[in-house]
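Trainee: Take a look at data10.csv, CSV, C-alpha atoms:
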chain,number,residue,atom,x,y,z
A,1,MET,CA,87.3,121.8,123.5
A,2,GLU,CA,88.6,120.8,120.1
A,3,PRO,CA,86.2,120.5,117.1
A,4,SER,CA,85.1,117.0,116.2
A,5,PRO,CA,87.4,115.3,113.7
A,6,GLN,CA,84.4,114.4,111.6
A,7,HIS,CA,85.0,116.3,108.4
A,8,GLN,CA,83.1,119.4,107.7
A,9,HIS,CA,84.1,121.8,105.0
A,10,PRO,CA,81.7,124.8,104.8
A,11,GLN,CA,84.1,126.7,102.6
A,12,HIS,CA,83.8,123.8,100.2
A,13,ARG,CA,80.0,124.2,100.2
A,14,GLN,CA,79.6,127.9,100.5
A,15,ASN,CA,82.2,129.3,98.1
A,16,PRO,CA,82.2,127.4,94.8
A,17,GLY,CA,84.5,128.2,92.0
A,18,GLN,CA,88.1,129.5,92.4
A,19,PRO,CA,88.2,131.2,95.8
A,20,PRO,CA,90.0,134.5,96.4
A,21,HIS,CA,92.8,134.6,99.0
A,22,PRO,CA,90.9,134.4,102.3
A,23,PRO,CA,91.1,137.4,104.7
A,24,HIS,CA,91.5,134.9,107.6
A,25,PRO,CA,93.0,131.5,107.1
A,26,PRO,CA,90.4,128.8,107.3
A,27,HIS,CA,90.2,126.3,110.1
A,28,PRO,CA,91.9,123.0,109.2
A,29,GLN,CA,88.6,121.3,109.0
A,30,GLN,CA,87.4,123.8,106.4
A,31,LEU,CA,90.1,122.9,103.9
A,32,PRO,CA,89.1,120.8,100.9
A,33,PRO,CA,90.0,117.2,101.7
A,34,ALA,CA,92.3,116.9,98.7
A,35,VAL,CA,94.3,119.9,99.9
A,36,VAL,CA,94.6,118.3,103.3
A,37,VAL,CA,96.2,115.2,101.7
A,38,TYR,CA,98.4,117.4,99.6
A,39,LEU,CA,99.7,119.2,102.7
A,40,LEU,CA,100.2,116.0,104.7
A,41,SER,CA,102.1,114.3,101.9
A,42,GLU,CA,104.8,117.0,101.9
A,43,ARG,CA,103.2,119.1,99.2
A,44,LYS,CA,103.2,116.4,96.5
A,45,VAL,CA,100.2,115.9,94.3
A,46,SER,CA,99.9,112.1,94.4
A,47,GLU,CA,97.2,109.5,93.5
A,48,ALA,CA,95.9,109.8,97.1
A,49,VAL,CA,95.2,113.5,96.5
A,50,PHE,CA,93.2,112.7,93.3
A,51,THR,CA,91.4,109.8,95.1
A,52,ARG,CA,90.4,112.2,98.0
A,53,ALA,CA,89.1,114.7,95.4
A,54,LEU,CA,86.9,111.9,94.0
A,55,LEU,CA,85.7,111.0,97.5
A,56,ALA,CA,84.7,114.6,98.1
A,57,LEU,CA,82.8,114.7,94.8
A,58,ALA,CA,81.0,111.5,95.9
A,59,GLU,CA,80.2,113.0,99.3
A,60,ASP,CA,78.6,116.0,97.5
A,61,GLY,CA,76.5,113.7,95.2
A,62,TRP,CA,78.3,114.3,91.9
A,63,LEU,CA,79.8,110.7,91.8
A,64,ARG,CA,79.1,107.4,93.4
A,65,ILE,CA,81.8,104.9,94.3
A,66,GLU,CA,80.5,101.4,94.5
A,67,PRO,CA,81.6,97.7,94.3
A,68,ALA,CA,81.3,95.8,91.1
A,69,ASP,CA,81.2,92.3,89.8
A,70,LEU,CA,84.6,92.6,88.3
A,71,GLY,CA,86.1,92.7,91.8
A,72,VAL,CA,87.2,96.3,91.9
A,73,PRO,CA,85.4,99.5,92.9
A,74,VAL,CA,83.9,101.5,90.1
A,75,VAL,CA,82.9,105.2,89.8
A,76,ARG,CA,79.6,106.3,88.5
A,77,ILE,CA,78.6,109.8,87.5
A,78,THR,CA,75.3,110.7,89.1
A,79,ARG,CA,74.9,114.3,87.9
A,80,LEU,CA,77.1,117.0,86.3
A,81,PRO,CA,77.7,120.4,87.9
A,82,GLY,CA,77.4,123.8,86.5
A,83,PRO,CA,80.5,125.9,85.7
A,84,ASP,CA,80.5,127.6,89.2
A,85,GLN,CA,79.5,124.7,91.4
A,86,LEU,CA,82.9,123.2,91.9
A,87,ARG,CA,86.4,124.3,92.6
A,88,GLN,CA,88.8,124.3,89.7
A,89,PHE,CA,90.7,121.2,90.7
A,90,GLU,CA,87.4,119.4,91.3
A,91,HIS,CA,86.3,120.2,87.8
A,92,ILE,CA,89.5,118.8,86.4
A,93,ALA,CA,89.1,115.6,88.5
A,94,LEU,CA,85.6,115.2,87.3
A,95,GLU,CA,86.8,115.8,83.7
A,96,ARG,CA,89.0,112.7,84.1
A,97,VAL,CA,86.0,110.6,85.1
A,98,VAL,CA,83.9,111.9,82.2
A,99,GLN,CA,86.7,111.2,79.7
A,100,ARG,CA,87.5,107.7,80.9
A,101,THR,CA,83.9,106.7,81.3
A,102,GLY,CA,83.0,107.4,77.7
A,103,ASN,CA,79.8,105.7,76.7
A,104,LEU,CA,79.9,103.2,79.6
A,105,PRO,CA,77.9,103.7,82.8
A,106,THR,CA,80.9,103.2,85.2
A,107,VAL,CA,84.7,103.3,85.2
A,108,PRO,CA,87.0,101.3,87.5
A,109,LEU,CA,88.7,103.5,90.1
A,110,SER,CA,92.2,102.2,89.2
A,111,ALA,CA,91.5,103.0,85.5
A,112,LEU,CA,91.3,106.7,86.6
A,113,THR,CA,94.7,106.6,88.3
A,114,SER,CA,96.3,104.7,85.5
A,115,SER,CA,98.8,106.7,83.4
A,116,GLU,CA,98.0,104.9,80.2
A,117,GLY,CA,97.0,107.2,77.4
A,118,ASP,CA,98.5,110.3,75.8
A,119,ASP,CA,96.0,112.6,77.5
A,120,TYR,CA,97.1,111.6,81.0
A,121,ALA,CA,100.3,113.7,81.4
A,122,PRO,CA,98.8,117.1,80.4
A,123,TRP,CA,95.7,116.3,82.4
A,124,TRP,CA,97.8,115.4,85.5
A,125,LYS,CA,99.8,118.6,85.1
A,126,ARG,CA,96.7,120.7,85.1
A,127,PHE,CA,95.3,118.9,88.1
A,128,SER,CA,98.5,119.3,90.1
A,129,GLU,CA,98.8,123.0,89.4
A,130,SER,CA,95.2,123.5,90.3
A,131,VAL,CA,95.6,121.8,93.7
A,132,GLU,CA,98.7,123.9,94.5
A,133,GLN,CA,96.8,127.0,93.5
A,134,GLU,CA,94.0,126.1,95.8
A,135,ALA,CA,96.4,125.5,98.7
A,136,ARG,CA,98.1,128.8,98.0
A,137,ALA,CA,94.8,130.7,97.8
A,138,ALA,CA,93.8,129.2,101.2
A,139,GLY,CA,97.1,130.7,102.7
A,140,MET,CA,98.6,127.2,103.4
A,141,ILE,CA,101.7,127.5,101.1
A,142,SER,CA,103.8,130.3,99.7
A,143,ARG,CA,104.9,130.5,96.1
A,144,GLY,CA,108.3,129.0,95.3
A,145,ILE,CA,110.9,130.4,92.9
A,146,ARG,CA,109.4,131.1,89.5
A,147,ASP,CA,110.3,128.9,86.6
A,148,ILE,CA,112.3,131.6,84.8
A,149,THR,CA,114.4,132.2,87.9
A,150,ALA,CA,114.9,128.5,88.5
A,151,CYS,CA,116.4,128.2,85.0
A,152,SER,CA,118.3,131.5,84.7
A,153,VAL,CA,120.1,131.5,88.1
A,154,PRO,CA,121.9,128.1,87.7
A,155,LEU,CA,122.7,128.9,84.1
A,156,GLY,CA,124.1,132.4,85.0
A,157,LEU,CA,126.2,131.1,87.9
A,158,SER,CA,127.6,128.2,85.9
A,159,VAL,CA,128.7,130.5,83.0
A,160,GLY,CA,130.2,132.9,85.5
A,161,ALA,CA,132.1,130.1,87.3
A,162,GLY,CA,133.3,128.7,84.0
A,163,LEU,CA,134.6,132.1,82.8
A,164,ALA,CA,136.3,132.9,86.1
A,165,THR,CA,138.0,129.5,86.2
A,166,THR,CA,139.2,129.8,82.6
A,167,SER,CA,140.6,133.3,83.3
A,168,ALA,CA,142.4,132.1,86.5
A,169,THR,CA,143.9,128.9,85.1
A,170,GLY,CA,144.1,129.7,81.4
A,171,SER,CA,142.5,126.3,80.7
A,172,ALA,CA,139.3,126.0,78.8
A,173,GLY,CA,138.8,122.4,80.0
A,174,SER,CA,139.0,123.5,83.7
A,175,GLY,CA,136.5,126.2,82.9
A,176,TRP,CA,134.1,123.7,81.4
A,177,GLY,CA,134.4,121.4,84.4
A,178,ALA,CA,133.8,124.2,86.9
A,179,GLY,CA,130.8,125.5,84.9
A,180,ILE,CA,129.2,122.0,84.7
A,181,ALA,CA,129.9,121.4,88.5
A,182,MET,CA,128.3,124.8,89.3
A,183,LEU,CA,125.3,124.1,87.1
A,184,ILE,CA,124.6,120.7,88.8
A,185,ALA,CA,125.0,122.1,92.3
A,186,CYS,CA,122.9,125.2,91.7
A,187,SER,CA,120.2,123.1,90.0
A,188,ILE,CA,119.9,120.8,93.0
A,189,ILE,CA,119.7,123.8,95.4
A,190,VAL,CA,117.2,125.8,93.2
A,191,ASN,CA,115.0,122.7,92.7
A,192,ARG,CA,114.6,122.3,96.5
A,193,ALA,CA,114.0,126.1,96.9
A,194,SER,CA,111.5,126.2,94.1
A,195,ARG,CA,109.1,123.8,95.9
A,196,PRO,CA,106.2,125.6,97.7
A,197,LYS,CA,106.8,126.2,101.4
A,198,LEU,CA,104.3,125.8,104.2
A,199,THR,CA,103.2,129.1,105.7
A,200,ASP,CA,102.6,129.4,109.5
A,201,GLN,CA,98.9,128.7,108.9
A,202,GLY,CA,99.9,125.7,106.7
A,203,LYS,CA,102.1,124.3,109.5
A,204,ALA,CA,99.3,124.7,112.0
A,205,ALA,CA,96.9,122.9,109.7
A,206,VAL,CA,99.3,120.0,109.2
A,207,GLU,CA,99.9,119.7,113.0
A,208,TRP,CA,96.1,119.7,113.6
A,209,TRP,CA,95.4,117.0,111.0
A,210,GLN,CA,98.3,114.9,112.3
A,211,ARG,CA,96.7,115.0,115.7
A,212,HIS,CA,93.1,114.6,114.7
A,213,GLY,CA,93.1,112.9,111.3
A,214,GLY,CA,95.5,110.1,112.1
A,215,GLY,CA,98.1,111.4,109.7
A,216,PHE,CA,98.1,110.6,106.0
A,217,ASP,CA,95.7,107.7,106.2
A,218,GLY,CA,93.4,109.6,108.4
A,219,ALA,CA,93.1,112.4,105.8
A,220,VAL,CA,92.1,109.8,103.2
A,221,ILE,CA,89.7,107.7,105.3
A,222,ALA,CA,89.3,108.3,109.0
A,223,ASP,CA,88.3,112.0,108.7
A,224,GLN,CA,84.8,110.7,107.6
A,225,ALA,CA,84.4,108.3,110.6
A,226,PRO,CA,83.8,109.1,114.3
A,227,SER,CA,86.9,108.8,116.4
A,228,GLY,CA,88.0,105.2,116.8
A,229,ALA,CA,85.5,103.8,114.3
A,230,LEU,CA,86.4,102.2,111.0
A,231,PRO,CA,84.4,102.7,107.7
A,232,SER,CA,82.2,99.8,106.6
A,233,PRO,CA,83.8,97.5,103.9
A,234,ASN,CA,81.5,98.9,101.1
A,235,SER,CA,81.8,102.6,102.1
A,236,PRO,CA,83.3,104.9,99.5
A,237,GLU,CA,86.3,105.4,101.8
A,238,SER,CA,87.0,101.7,102.1
A,239,LEU,CA,86.5,101.1,98.4
A,240,ALA,CA,88.8,104.0,97.5
A,241,ALA,CA,91.5,102.6,99.8
A,242,GLN,CA,91.2,99.2,98.2
A,243,GLY,CA,91.0,100.0,94.6
A,244,SER,CA,92.8,103.3,93.8
A,245,ALA,CA,96.2,101.7,93.1
A,246,PRO,CA,96.9,101.1,89.4
A,247,LEU,CA,97.0,97.6,87.9
A,248,PRO,CA,100.2,95.6,88.3
A,249,GLY,CA,102.8,95.8,85.6
A,250,GLY,CA,102.0,94.0,82.4
A,251,TYR,CA,98.2,94.6,82.7
A,252,VAL,CA,96.1,97.4,81.3
A,253,TRP,CA,92.4,98.4,81.3
A,254,SER,CA,90.3,98.0,78.2
A,255,SER,CA,86.7,99.2,77.6
A,256,TYR,CA,86.5,97.6,74.2
A,257,GLY,CA,83.4,95.4,73.7
A,258,GLY,CA,81.1,97.5,76.0
A,259,ARG,CA,82.6,96.5,79.3
A,260,TRP,CA,85.7,97.1,81.4
A,261,ARG,CA,88.2,94.3,81.8
A,262,THR,CA,91.9,93.8,82.4
A,263,VAL,CA,94.1,92.7,79.5
A,264,LYS,CA,97.6,91.3,79.7
A,265,VAL,CA,100.0,93.0,77.5
A,266,GLY,CA,101.1,90.3,75.0
A,267,GLU,CA,104.6,89.5,73.9
A,268,LEU,CA,106.2,91.2,70.9
A,269,ASP,CA,107.7,88.0,69.5
A,270,VAL,CA,106.8,84.3,69.3
A,271,PRO,CA,109.4,81.7,70.5
A,272,SER,CA,112.3,81.4,68.2
A,273,TRP,CA,112.1,77.6,67.8
A,274,GLY,CA,110.4,76.8,64.6
A,275,LYS,CA,111.5,79.9,62.7
A,276,PRO,CA,113.3,79.1,59.4
A,277,ARG,CA,116.2,81.4,60.2
A,278,VAL,CA,116.8,79.3,63.4
A,279,ALA,CA,117.3,76.2,61.3
A,280,VAL,CA,119.7,78.0,59.0
A,281,LEU,CA,121.7,79.2,62.0
A,282,LEU,CA,121.8,75.7,63.5
A,283,GLY,CA,123.1,74.4,60.2
A,284,ILE,CA,125.8,77.1,60.0
A,285,PHE,CA,127.0,76.5,63.5
A,286,GLY,CA,126.9,72.7,62.9
A,287,ALA,CA,129.2,73.1,59.9
A,288,PHE,CA,131.4,75.6,61.6
A,289,PHE,CA,132.2,73.3,64.6
A,290,THR,CA,132.2,70.1,62.5
A,291,LEU,CA,135.3,71.2,60.4
A,292,PRO,CA,137.7,71.7,63.3
A,293,ALA,CA,136.2,68.6,65.1
A,294,ALA,CA,136.8,66.5,62.0
A,295,SER,CA,140.3,67.7,61.7
A,296,VAL,CA,141.2,66.9,65.3
A,297,GLY,CA,139.3,63.6,65.3
A,298,HIS,CA,140.7,62.4,62.0
A,299,PHE,CA,144.3,63.6,62.1
A,300,ALA,CA,145.1,63.9,65.7
A,301,ILE,CA,143.2,61.1,67.3
A,302,GLY,CA,142.0,58.7,64.7
A,303,GLY,CA,140.2,55.4,65.2
A,304,SER,CA,136.7,55.1,66.5
A,305,LEU,CA,137.1,57.8,69.1
A,306,GLY,CA,138.3,60.2,66.4
A,307,THR,CA,135.3,59.4,64.3
A,308,LEU,CA,133.0,60.1,67.2
A,309,ILE,CA,134.7,63.4,67.9
A,310,SER,CA,134.4,64.3,64.2
A,311,LEU,CA,130.7,63.6,64.1
A,312,ALA,CA,129.8,65.1,67.6
A,313,PRO,CA,129.0,68.7,66.4
A,314,LEU,CA,127.0,67.4,63.5
A,315,ALA,CA,125.0,65.0,65.7
A,316,LEU,CA,124.4,67.7,68.3
A,317,PHE,CA,123.1,70.4,65.9
A,318,GLY,CA,121.2,67.8,63.8
A,319,GLY,CA,119.5,66.5,67.0
A,320,LEU,CA,118.5,70.1,67.9
A,321,ILE,CA,117.0,70.5,64.4
A,322,LEU,CA,115.1,67.2,64.5
A,323,GLY,CA,114.2,67.2,68.2
A,324,LYS,CA,113.3,70.8,68.9
A,325,TRP,CA,113.1,72.9,65.7
A,326,LEU,CA,111.2,70.5,63.5
A,327,PRO,CA,108.3,69.9,66.0
A,328,ALA,CA,108.0,73.6,66.7
A,329,ASN,CA,108.0,74.3,63.0
A,330,ARG,CA,105.2,71.8,62.4
A,331,ARG,CA,103.1,73.4,65.2
A,332,ARG,CA,103.6,76.8,63.6
A,333,ALA,CA,102.8,75.5,60.1
A,334,SER,CA,99.3,74.6,61.3
A,335,ILE,CA,98.6,78.3,62.1
A,336,PRO,CA,97.4,80.5,59.2
A,337,THR,CA,99.6,83.2,57.7
A,338,HIS,CA,96.8,85.8,57.5
A,339,GLY,CA,94.5,87.1,60.2
A,340,ALA,CA,92.5,90.3,60.8
A,341,PHE,CA,90.6,91.8,63.6
A,342,THR,CA,89.2,95.1,64.9
A,343,GLY,CA,90.3,96.2,68.3
A,344,GLN,CA,91.2,99.0,70.6
A,345,VAL,CA,94.7,100.4,71.3
A,346,VAL,CA,95.3,99.9,75.0
A,347,LYS,CA,99.0,100.7,75.3
A,348,ARG,CA,101.8,102.5,73.5
A,349,TRP,CA,105.5,102.4,74.4
A,350,THR,CA,109.0,102.6,73.1
A,351,TYR,CA,112.3,100.9,74.0
A,352,GLU,CA,115.9,101.1,72.8
A,353,SER,CA,118.5,98.5,72.1
A,354,GLY,CA,122.0,98.4,70.6
A,355,GLY,CA,124.2,100.3,73.1
A,356,GLU,CA,125.8,103.5,71.7
A,357,ASP,CA,124.3,103.0,68.2
A,358,SER,CA,120.9,102.3,69.7
A,359,THR,CA,117.7,101.9,67.8
A,360,THR,CA,114.3,103.0,69.0
A,361,TYR,CA,111.5,100.6,68.6
A,362,TYR,CA,107.9,101.8,68.6
A,363,CYS,CA,105.3,99.3,70.0
A,364,CYS,CA,101.6,99.1,70.7
A,365,CYS,CA,99.2,96.6,72.3
A,366,ILE,CA,95.7,96.1,70.8
A,367,ASP,CA,92.7,94.4,72.5
A,368,ASP,CA,90.4,92.4,70.3
A,369,GLY,CA,87.6,92.4,73.0
A,370,ALA,CA,87.7,88.7,73.7
A,371,SER,CA,91.2,87.4,74.3
A,372,PRO,CA,92.7,87.6,77.8
A,373,GLU,CA,96.0,88.8,76.2
A,374,GLY,CA,96.4,91.7,73.9
A,375,PHE,CA,98.2,91.6,70.6
A,376,SER,CA,101.5,93.5,70.8
A,377,PHE,CA,103.4,94.6,67.7
A,378,ARG,CA,106.4,96.7,66.7
A,379,ILE,CA,105.2,99.4,64.3
A,380,GLU,CA,106.6,102.2,62.2
A,381,ARG,CA,107.2,105.6,63.9
A,382,SER,CA,104.8,107.4,61.5
A,383,LEU,CA,102.0,105.1,62.6
A,384,TYR,CA,103.0,105.3,66.3
A,385,THR,CA,102.8,109.1,66.3
A,386,HIS,CA,99.3,109.1,64.8
A,387,MET,CA,98.0,106.4,67.1
A,388,ARG,CA,96.4,107.1,70.5
A,389,VAL,CA,95.4,104.9,73.3
A,390,GLY,CA,91.6,104.3,73.0
A,391,ASP,CA,91.6,104.4,69.2
A,392,ILE,CA,89.6,101.7,67.4
A,393,VAL,CA,91.8,100.1,64.6
A,394,PHE,CA,91.7,97.3,62.1
A,395,VAL,CA,94.7,95.0,62.1
A,396,GLU,CA,96.0,92.7,59.4
A,397,PHE,CA,98.8,90.4,60.6
A,398,ASN,CA,100.6,87.1,60.2
A,399,PRO,CA,99.4,84.9,63.2
A,400,ARG,CA,102.0,82.2,62.4
A,401,TRP,CA,105.0,84.4,63.0
A,402,HIS,CA,103.2,87.3,64.8
A,403,LYS,CA,104.2,89.9,62.3
A,404,VAL,CA,102.0,92.9,61.6
A,405,LYS,CA,101.1,93.6,58.0
A,406,GLN,CA,99.1,96.7,58.3
A,407,ILE,CA,97.1,98.7,60.9
A,408,HIS,CA,94.3,100.9,59.7
A,409,LEU,CA,93.6,103.7,62.1
A,410,SER,CA,90.0,103.9,60.9
A,411,ALA,CA,88.2,100.6,61.5
A,412,PRO,CA,86.2,99.5,58.4
A,413,ALA,CA,82.4,99.2,58.5
A,414,PRO,CA,81.0,95.8,59.8
A,415,GLY,CA,81.0,93.2,57.1
A,416,SER,CA,83.6,94.9,55.0
A,417,HIS,CA,86.6,93.0,56.4
A,418,PRO,CA,88.7,91.2,53.7
Let me see whether you can do it: turn the structure in this file into structure tokens.
Mentor:
Amino acid sequence: MEPSPQHQHPQHRQNPGQPPHPPHPPHPQQLPPAVVVYLLSERKVSEAVFTRALLALAEDGWLRIEPADLGVPVVRITRLPGPDQLRQFEHIALERVVQRTGNLPTVPLSALTSSEGDDYAPWWKRFSESVEQEARAAGMISRGIRDITACSVPLGLSVGAGLATTSATGSAGSGWGAGIAMLIACSIIVNRASRPKLTDQGKAAVEWWQRHGGGFDGAVIADQAPSGALPSPNSPESLAAQGSAPLPGGYVWSSYGGRWRTVKVGELDVPSWGKPRVAVLLGIFGAFFTLPAASVGHFAIGGSLGTLISLAPLALFGGLILGKWLPANRRRASIPTHGAFTGQVVKRWTYESGGEDSTTYYCCCIDDGASPEGFSFRIERSLYTHMRVGDIVFVEFNPRWHKVKQIHLSAPAPGSHP
């Protein structure tokens, strides 16, 4: 009789810390749940792997996953473990919760899976490597090609192919082409070969979980429920399934002001209508098109029709200035030219424009703690490199034209704002 699919992981309970290579491969039910998801998802460390690690921490009482008024599940730290009470990847997962929670009692689950912040990439790399190490120590996967081999083999073969082709054809161009082609082909092959491979025990574990855990979803949710039963809507498993996906594009999490909330990333520019340079451009275009129109209307056509043709460009661009530009300019004129606020950096990004001679623009979005939309600005590279997501900054800017004047990385004391 097969063991019950209800999840039990005695190895997870009895052997904390980094386990040695087991003398006998564990039963599939004894694997840490996050490792099960890793094996079932073709040995890719995904958000589901991290979410399942959080669920295991909640099952063991270190965390609590619960609904919240803001409409998404949140994670609460109930107690902190000692250095030898968790596996390495679980310590790293808990580290993410501690870091994102900060001084607040909870953190939204999707804020943990969000890649915003400069600390995310190095943290994710450590978590991924630790999960792979756990699976390897359990005998589920074999080590792939080492990094030095993965780099040196394609490079060596491409150099050899290039030299051989150059020697055979006497053409350096042919040698370069053969070398590049060999480098690309070998890199693709070595990249596939460098991925960890399932051992026989790993294949058996995957087959067992595909039969008893319902596949990928089963490893995330159904392994905690009796066969055929569904978790309750407010169970940690259901909440994790609902709320682990990151926010949609254009929105970020902010904890500024003592509570978690979603903030829309604001536009970098205000609408062009109303800007002085737009009026200048309209005047230039009006004059540019008026000259040839006047020549054709006056000399080639003449009469009333010629007069209308001569004045048409001037009337068109004059109408645009009076009908669209001037009202927009008046609305903008009612907005002050100086504003200041203290806020939290919630996003940093760069983009390029200009084709071959492209220019890199450095941008940030800052939440003032009250507005539903953050203030986004283009900033200097020197400021961008010193700024981090989560920093509290003091901003001086021109609200009328949405131009940043200065961003102070250290917020001034309350009451000292100019």
Trainee: For A:Val98, please output as JSON, numbers by chain all residues within 12 Å (counting only C-alpha atoms; exclusion window: fewer than 2 positions along the same chain).
Mentor: {"A": [62, 63, 75, 76, 77, 78, 79, 80, 81, 91, 92, 93, 94, 95, 96, 100, 101, 102, 103, 104, 105, 106, 107, 112]}
Trainee: Using C-alpha atoms, can you write the selected residues to a file as a tab-separated table (two decimals), in the frame of the given file?
Mentor:
chain	number	residue	atom	x	y	z
A	62	TRP	CA	78.30	114.30	91.90
A	63	LEU	CA	79.80	110.70	91.80
A	75	VAL	CA	82.90	105.20	89.80
A	76	ARG	CA	79.60	106.30	88.50
A	77	ILE	CA	78.60	109.80	87.50
A	78	THR	CA	75.30	110.70	89.10
A	79	ARG	CA	74.90	114.30	87.90
A	80	LEU	CA	77.10	117.00	86.30
A	81	PRO	CA	77.70	120.40	87.90
A	91	HIS	CA	86.30	120.20	87.80
A	92	ILE	CA	89.50	118.80	86.40
A	93	ALA	CA	89.10	115.60	88.50
A	94	LEU	CA	85.60	115.20	87.30
A	95	GLU	CA	86.80	115.80	83.70
A	96	ARG	CA	89.00	112.70	84.10
A	100	ARG	CA	87.50	107.70	80.90
A	101	THR	CA	83.90	106.70	81.30
A	102	GLY	CA	83.00	107.40	77.70
A	103	ASN	CA	79.80	105.70	76.70
A	104	LEU	CA	79.90	103.20	79.60
A	105	PRO	CA	77.90	103.70	82.80
A	106	THR	CA	80.90	103.20	85.20
A	107	VAL	CA	84.70	103.30	85.20
A	112	LEU	CA	91.30	106.70	86.60
Trainee: Work out how far atom CA of A:Phe394 is from atom CA of A:Arg277, in Å to one decimal.
Mentor: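 The value is 29.3 Å.
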Trainee: May I ask for the distance between atom CA of A:Ala204 and atom CA of A:Phe89, given in Å to one decimal place?
Mentor: 23.2 Å
Trainee: Could you please determine the separation between atom CA of A:Tyr362 and atom CA of A:Ile379 in Å, to one decimal place?
Mentor: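 Those two atoms sit 5.6 Å apart.
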Trainee: Between A:Arg126, A:Arg332, A:Arg388, A:Arg143, which is the closest to A:Val345 once you count all atoms listed in the file?
Mentor: A:Arg388
Trainee: Please, what is the axis-aligned box for every listed atom of stretch 248-253 of chain A with 3 Å on each side, as centre and edge lengths in Å to one decimal, as AutoDock Vina command-line options?
Mentor:
--center_x 97.6 --center_y 96.2 --center_z 84.8 --size_x 16.4 --size_y 10.4 --size_z 13.0
Trainee: Give me the residues near A:Gly266 as a ChimeraX atom specification, where near means some atom within 12 Å (using only C-alpha atoms) and where sequence neighbours in that chain fewer than 6 positions away do not count.
Mentor: /A:250-252,346-347,363-368,371-378,402
Trainee: Select, from A:Asp118, A:Ile392, A:Thr337, A:Phe317, the residue with the minimum atom-to-atom distance to A:Val278, counting only C-alpha atoms.
Mentor: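 Selected residue with least distance to A:Val278: A:Phe317.
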